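What follows is a single structure, written as structure tokens, with notes after it.
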Amino acid sequence: MRRWTQCVRRGFHSATAIDWRAFPRDEVTNVPARLEREWFGRRLLQEPDHPLARAKTRMVRHLGIECFEALPPVVSLYDNFDSLLIPATHVSRSPNDTYYVNRRHVLRTHTSAHQRQLLRSGPASWLACGDVFRRDEIDASHFPVFHQIDGGRVFGEGVTAREAEEDLKGTLEGLMRKLFGASTQLRWRDDFFPFTSPSFELDVMFNGEWLEILGCGLIHEDIMQDTPSIRGRQGWAFGIGLERLAMVLYQIKDIRVFWSRDERFWKQFRGRPLEAPIAFEEFSKFPKTSRDVSFWTNSEAFHENQFFEMVREVCGDLVEAVVRLDTFRHPK
Ligand code: DAH
């Protein structure tokens, strides 16, 4: 057990490609080449200026709990699903939703996939963060690769479920107030996860809206039962999506921007103090181009505003400026 803990502490999952020799492809492999080529192993959480890494670091510092950042993203089906009591028929196992490396291994769909090993390797509390993968369309709020941070704590003997629940809620309320401000309104709701019981969700009031920020609960008795050293004790766990959080904290409207290599993205975050309130300013995804358009009109009634309006009607804000360069009147 000790050996495993040491190896996950060292280096960051340094692979930039899936080791297909260790995990040979088979008939269920459905990892697209583009995922491996462009997103796998980008290690955005290890770029200290990156908004996702900022959100992570603020949480880790506030909680003061060791964060495992090097856990390998290819995990067994057992760790990703079975060990968390996710039923064999659960939709999340479908190859339409999950990337199968092969019959026995998937790209983790959540950082909870490491919970079993972390429980076994013995820290009393832990954080685990990393990239997670779900087959999804790509638009302003969906991307097939995103990031999570999971946390867990196991109590000593004699701690009751009620005490563990209070500790969980107190810890997460403190964390949210640290991130969103001391007077932030919070709301607890009952939820369901197969691996926690009871399960809760925490909502944060932000700009007049309730945002679902995290899921959590007391670690299911059957999971605790599975590990001899912690049998019969209480423990809690939570999971937070980092994109969601960073989008709110830094006013980022499009999830795709986290993958940007554009200087106009990076320069807004680079070198700023960790707690600095940063309001991200969007920039055009397209390179700047100019077009000259010439046309004839025989109407004296034509006014350039008619043309300007038509351009705006069709192109919206994509067009930076429409300018009349000159007018030519044919002598005949
Ligand atoms: N793994 C869950 C998800 O991806 C989030 C989560 C919920 C993690 C509850 C936990 C937990 O550790 O206790 O949606």
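Chains: A, B, ... in order of the structure tokens. Residues: from 1 per chain. Ligands: from 1, in order shown.
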Output as a Markdown table one row per residue of chain A within 9 Å of ligand 1: the closest atom pair and its distance in Å to one decimal place, counting only C-alpha atoms and all ligand atoms, sorted by chain and residue number ascending.
| residue | atom | partner | partner_atom_place_in_ligand_line | distance |
| --- | --- | --- | --- | --- |
| A:Thr109 | CA | ligand 1 | 4 (O) | 6.9 |
| A:His110 | CA | ligand 1 | 4 (O) | 4.7 |
| A:Thr111 | CA | ligand 1 | 1 (N) | 6.4 |
| A:Ser112 | CA | ligand 1 | 1 (N) | 5.0 |
| A:Ala113 | CA | ligand 1 | 1 (N) | 7.8 |
| A:Gln115 | CA | ligand 1 | 12 (O) | 7.7 |
| A:Val132 | CA | ligand 1 | 4 (O) | 8.8 |
| A:Gln148 | CA | ligand 1 | 4 (O) | 7.6 |
| A:Ile149 | CA | ligand 1 | 8 (C) | 8.4 |
| A:Asp150 | CA | ligand 1 | 12 (O) | 5.3 |
| A:Gly151 | CA | ligand 1 | 12 (O) | 6.3 |
| A:Gly152 | CA | ligand 1 | 12 (O) | 7.0 |
| A:Asp191 | CA | ligand 1 | 9 (C) | 9.0 |
| A:Phe192 | CA | ligand 1 | 9 (C) | 8.3 |
| A:Phe193 | CA | ligand 1 | 9 (C) | 6.1 |
| A:Pro194 | CA | ligand 1 | 9 (C) | 8.7 |
| A:Phe195 | CA | ligand 1 | 13 (O) | 6.8 |
| A:Thr196 | CA | ligand 1 | 13 (O) | 5.7 |
| A:Ser197 | CA | ligand 1 | 13 (O) | 8.8 |
| A:Ser199 | CA | ligand 1 | 9 (C) | 7.0 |
| A:Phe200 | CA | ligand 1 | 9 (C) | 7.7 |
| A:Glu201 | CA | ligand 1 | 9 (C) | 8.2 |
| A:Leu214 | CA | ligand 1 | 5 (C) | 6.9 |
| A:Gly215 | CA | ligand 1 | 7 (C) | 4.0 |
| A:Cys216 | CA | ligand 1 | 13 (O) | 3.7 |
| A:Gly217 | CA | ligand 1 | 13 (O) | 4.9 |
| A:Leu218 | CA | ligand 1 | 13 (O) | 7.0 |
| A:Ile219 | CA | ligand 1 | 13 (O) | 6.7 |
| A:Trp236 | CA | ligand 1 | 13 (O) | 6.8 |
| A:Ala237 | CA | ligand 1 | 13 (O) | 4.0 |
| A:Phe238 | CA | ligand 1 | 12 (O) | 3.7 |
| A:Gly239 | CA | ligand 1 | 8 (C) | 3.5 |
| A:Ile240 | CA | ligand 1 | 5 (C) | 6.4 |
| A:Gly241 | CA | ligand 1 | 4 (O) | 7.6 |
Hey, what's within 6 Å of range 155-171 of chain A if we count only C-alpha atoms and toss same-chain stuff fewer than 6 positions away? As a list of chain:residue names, please?
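Near range 155-171 of chain A, the qualifying residues are A:Arg233, A:Gln234, A:Gly235.
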So that I have them on file, write out the residues from the current selection with all heavy atoms, as a PDB file, in the first residue's frame.
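That gives us result13.pdb:
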ATOM      1  N   ARG A 233     -16.333   2.149  10.543  1.00  0.00           N
ATOM      2  CA  ARG A 233     -16.147   3.562  10.898  1.00  0.00           C
ATOM      3  C   ARG A 233     -16.948   4.472   9.969  1.00  0.00           C
ATOM      4  O   ARG A 233     -17.535   4.030   9.000  1.00  0.00           O
ATOM      5  CB  ARG A 233     -14.659   3.912  10.767  1.00  0.00           C
ATOM      6  CG  ARG A 233     -13.813   3.066  11.687  1.00  0.00           C
ATOM      7  CD  ARG A 233     -12.602   3.837  12.066  1.00  0.00           C
ATOM      8  NE  ARG A 233     -11.457   2.964  12.248  1.00  0.00           N
ATOM      9  CZ  ARG A 233     -10.205   3.399  12.166  1.00  0.00           C
ATOM     10  NH1 ARG A 233      -9.962   4.649  11.840  1.00  0.00           N
ATOM     11  NH2 ARG A 233      -9.211   2.581  12.382  1.00  0.00           N
ATOM     12  N   GLN A 234     -16.891   5.765  10.270  1.00  0.00           N
ATOM     13  CA  GLN A 234     -17.572   6.747   9.423  1.00  0.00           C
ATOM     14  C   GLN A 234     -16.552   7.471   8.556  1.00  0.00           C
ATOM     15  O   GLN A 234     -15.391   7.647   8.964  1.00  0.00           O
ATOM     16  CB  GLN A 234     -18.305   7.785  10.287  1.00  0.00           C
ATOM     17  CG  GLN A 234     -19.460   7.224  11.085  1.00  0.00           C
ATOM     18  CD  GLN A 234     -20.589   6.741  10.183  1.00  0.00           C
ATOM     19  OE1 GLN A 234     -20.747   7.170   9.031  1.00  0.00           O
ATOM     20  NE2 GLN A 234     -21.376   5.814  10.723  1.00  0.00           N
ATOM     21  N   GLY A 235     -17.005   7.905   7.387  1.00  0.00           N
ATOM     22  CA  GLY A 235     -16.138   8.697   6.513  1.00  0.00           C
ATOM     23  C   GLY A 235     -17.006   9.547   5.598  1.00  0.00           C
ATOM     24  O   GLY A 235     -18.171   9.226   5.380  1.00  0.00           O
TER      25      GLY A 235
END
Taking only C-alpha atoms into account, name the residue in A:Asp222, A:Glu304, A:Asp49, A:Glu36 that is nearest to Arg272 in chain A.
A:Asp49
Which residues are near range 254-265 of chain A? Cut-off 8 Å, only C-alpha atoms, ignore same chain within fewer than 2 positions. Put them as a ChimeraX atom specification.
/A:50-52,139-143,243,247,252,267-269,283
Top pick for closest residue to Glu212 in chain A, considering A:Pro73, A:Leu118, A:Ser183, A:Met176 and counting only C-alpha atoms
A:Met176
Do you have the CA of Pro95 in chain A-CA of Trp39 in chain A distance handy?
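These two atoms are separated by 19.2 Å.
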For CA of Thr89 in chain A and CA of Ser76 in chain A, quote the distance in Å rounded to one decimal.
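Answer for the CA of Thr89 in chain A to CA of Ser76 in chain A separation: 16.7 Å.
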List every residue of range 197-317 of chain A that DSSP, applied to the backbone of this structure, assigns to strand (DSSP E), and report them as a PDB file with C-alpha atoms, in the first residue's frame.
ATOM      1  CA  SER A 197     -25.463   7.434   2.014  1.00  0.00           C
ATOM      2  CA  PRO A 198     -26.888   9.846   2.870  1.00  0.00           C
ATOM      3  CA  SER A 199     -25.932  12.007  -0.124  1.00  0.00           C
ATOM      4  CA  PHE A 200     -26.192  15.766  -0.471  1.00  0.00           C
ATOM      5  CA  GLU A 201     -25.710  18.540  -2.925  1.00  0.00           C
ATOM      6  CA  LEU A 202     -24.541  22.024  -2.026  1.00  0.00           C
ATOM      7  CA  ASP A 203     -25.865  25.028  -3.942  1.00  0.00           C
ATOM      8  CA  VAL A 204     -24.286  28.449  -3.869  1.00  0.00           C
ATOM      9  CA  MET A 205     -26.197  31.696  -4.494  1.00  0.00           C
ATOM     10  CA  PHE A 206     -24.257  33.628  -7.097  1.00  0.00           C
ATOM     11  CA  GLU A 209     -28.970  32.323  -9.092  1.00  0.00           C
ATOM     12  CA  TRP A 210     -28.601  29.004  -7.257  1.00  0.00           C
ATOM     13  CA  LEU A 211     -25.677  27.058  -8.704  1.00  0.00           C
ATOM     14  CA  GLU A 212     -25.183  23.351  -8.083  1.00  0.00           C
ATOM     15  CA  ILE A 213     -21.566  23.228  -7.070  1.00  0.00           C
ATOM     16  CA  LEU A 214     -20.783  19.872  -5.527  1.00  0.00           C
ATOM     17  CA  GLY A 215     -21.992  16.415  -4.536  1.00  0.00           C
ATOM     18  CA  CYS A 216     -21.047  14.702  -1.309  1.00  0.00           C
ATOM     19  CA  GLY A 217     -22.124  12.370   1.447  1.00  0.00           C
ATOM     20  CA  LEU A 218     -21.100   9.811   3.999  1.00  0.00           C
ATOM     21  CA  ILE A 219     -19.127   7.016   2.369  1.00  0.00           C
ATOM     22  CA  GLY A 235     -16.138   8.697   6.513  1.00  0.00           C
ATOM     23  CA  TRP A 236     -17.195  11.413   4.120  1.00  0.00           C
ATOM     24  CA  ALA A 237     -16.432  12.233   0.500  1.00  0.00           C
ATOM     25  CA  PHE A 238     -17.185  15.013  -1.941  1.00  0.00           C
ATOM     26  CA  GLY A 239     -16.605  15.804  -5.602  1.00  0.00           C
ATOM     27  CA  ILE A 240     -16.414  19.188  -7.343  1.00  0.00           C
ATOM     28  CA  GLY A 241     -16.231  20.000 -11.049  1.00  0.00           C
TER      29      GLY A 241
END
As JSON, numbers by chain, please: all residues of range 27-270 of chain A that backbone DSSP puts in alpha helix (DSSP H).
{"A": [33, 34, 51, 52, 53, 54, 55, 56, 57, 58, 59, 60, 61, 62, 63, 77, 78, 79, 80, 115, 116, 117, 118, 119, 120, 121, 161, 162, 163, 164, 165, 166, 167, 168, 169, 170, 171, 172, 173, 174, 175, 176, 177, 178, 179, 180, 221, 222, 223, 224, 225, 242, 243, 244, 245, 246, 247, 248, 249, 263, 264, 265, 266]}
Interatomic distance, CA of Val74 in chain A to CA of Arg108 in chain A (Å, one decimal):
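Going from CA of Val74 in chain A over to CA of Arg108 in chain A, I get 6.1 Å.
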Shell of 8 Å around Gln251 in chain A, only C-alpha atoms, local chain residues under 2 positions omitted, as a ChimeraX atom specification:
/A:246-249,253,278-280
Writing out the chosen residues with N, CA, C and O atoms as a compact mmCIF listing (two decimals), in the first residue's frame:
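Listed below is the output, result.txt:
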# COMPACT_ATOMS: atom_id res chain seq x y z
N ALA A 246 -14.56 27.39 -11.85
CA ALA A 246 -13.70 28.43 -12.44
C ALA A 246 -14.49 29.34 -13.37
O ALA A 246 -14.21 30.54 -13.46
N MET A 247 -15.50 28.81 -14.04
CA MET A 247 -16.31 29.64 -14.93
C MET A 247 -17.04 30.71 -14.13
O MET A 247 -17.17 31.85 -14.56
N VAL A 248 -17.50 30.32 -12.94
CA VAL A 248 -18.19 31.28 -12.08
C VAL A 248 -17.18 32.26 -11.47
O VAL A 248 -17.36 33.48 -11.52
N LEU A 249 -16.10 31.73 -10.93
CA LEU A 249 -15.13 32.59 -10.24
C LEU A 249 -14.50 33.62 -11.17
O LEU A 249 -14.22 34.73 -10.77
N LYS A 253 -17.32 32.24 -19.98
CA LYS A 253 -18.63 31.82 -20.49
C LYS A 253 -18.55 30.60 -21.40
O LYS A 253 -19.55 29.98 -21.69
N ILE A 278 -10.37 38.03 -10.81
CA ILE A 278 -10.12 38.21 -12.24
C ILE A 278 -11.44 38.05 -12.98
O ILE A 278 -12.15 37.06 -12.79
N ALA A 279 -11.78 39.04 -13.81
CA ALA A 279 -12.97 38.93 -14.66
C ALA A 279 -12.48 38.73 -16.09
O ALA A 279 -11.96 39.66 -16.71
N PHE A 280 -12.62 37.53 -16.57
CA PHE A 280 -12.09 37.19 -17.88
C PHE A 280 -12.82 37.97 -18.98
O PHE A 280 -14.05 38.06 -18.97
For Val31 in chain A, the nearest of the candidates A:Ala55, A:Ala124, A:Leu63, A:Val145, counting only C-alpha atoms:
A:Val145
Identify, on the basis of only C-alpha atoms, every residue whose closest approach to Trp20 in chain A does not exceed 12 Å; exclude the query and any residue fewer than 2 positions from it along the same chain; express the result as a list in words.
Ala15, Thr16, Ala17, Ile18, Ala22, Phe23, Pro24, Arg25, Asp26, Thr29, Val31, Glu36, Val74, Val101, Asn102 and His105 of chain A
Write a file of the just-selected residues containing N, CA and C atoms, as a short mmCIF file (atom, residue, chain, number, x, y, z; two decimals), in the first residue's frame.
data_model
loop_
_atom_site.label_atom_id
_atom_site.label_comp_id
_atom_site.auth_asym_id
_atom_site.auth_seq_id
_atom_site.Cartn_x
_atom_site.Cartn_y
_atom_site.Cartn_z
N ALA A 15 2.34 10.77 -18.65
CA ALA A 15 2.04 10.26 -19.98
C ALA A 15 1.30 11.30 -20.78
N THR A 16 1.71 11.48 -22.04
CA THR A 16 0.96 12.37 -22.91
C THR A 16 0.22 11.54 -23.95
N ALA A 17 0.33 10.23 -23.80
CA ALA A 17 -0.42 9.34 -24.66
C ALA A 17 -0.78 8.11 -23.84
N ILE A 18 -1.81 7.41 -24.26
CA ILE A 18 -2.17 6.18 -23.57
C ILE A 18 -1.13 5.12 -23.91
N ALA A 22 0.55 -1.38 -22.58
CA ALA A 22 0.06 -1.82 -21.27
C ALA A 22 -1.44 -2.08 -21.29
N PHE A 23 -2.14 -1.36 -22.17
CA PHE A 23 -3.61 -1.51 -22.26
C PHE A 23 -3.99 -1.77 -23.71
N PRO A 24 -3.80 -3.00 -24.16
CA PRO A 24 -4.01 -3.26 -25.59
C PRO A 24 -5.46 -2.98 -26.02
N ARG A 25 -5.57 -2.43 -27.21
CA ARG A 25 -6.90 -2.16 -27.78
C ARG A 25 -7.65 -3.46 -28.00
N ASP A 26 -8.96 -3.39 -27.94
CA ASP A 26 -9.77 -4.55 -28.33
C ASP A 26 -11.05 -4.06 -28.99
N THR A 29 -12.63 -0.70 -27.67
CA THR A 29 -11.86 0.56 -27.63
C THR A 29 -12.59 1.65 -28.41
N VAL A 31 -11.60 5.26 -27.84
CA VAL A 31 -10.93 6.53 -27.55
C VAL A 31 -10.53 7.19 -28.86
N GLU A 36 -6.60 11.88 -27.67
CA GLU A 36 -5.24 11.57 -27.24
C GLU A 36 -4.25 12.63 -27.74
N VAL A 74 -6.02 6.31 -16.70
CA VAL A 74 -6.58 5.04 -17.19
C VAL A 74 -6.84 4.16 -15.95
N VAL A 101 -10.85 2.14 -22.90
CA VAL A 101 -9.51 1.90 -23.43
C VAL A 101 -9.49 0.46 -23.95
N ASN A 102 -10.10 -0.40 -23.19
CA ASN A 102 -10.38 -1.76 -23.64
C ASN A 102 -11.45 -2.36 -22.72
N HIS A 105 -10.62 -1.55 -19.03
CA HIS A 105 -10.14 -0.23 -18.59
C HIS A 105 -10.86 0.91 -19.30
#
Which residues come within 9 Å of Leu119 in chain A, counting only C-alpha atoms, excluding same-chain residues fewer than 3 positions away, as a list of chain:residue names?
A:His114, A:Gln115, A:Arg116, A:Gly122, A:Pro123, A:Ala124, A:Ser125, A:Gly152, A:Arg153, A:Val154, A:Met224, A:Thr227, A:Ile230
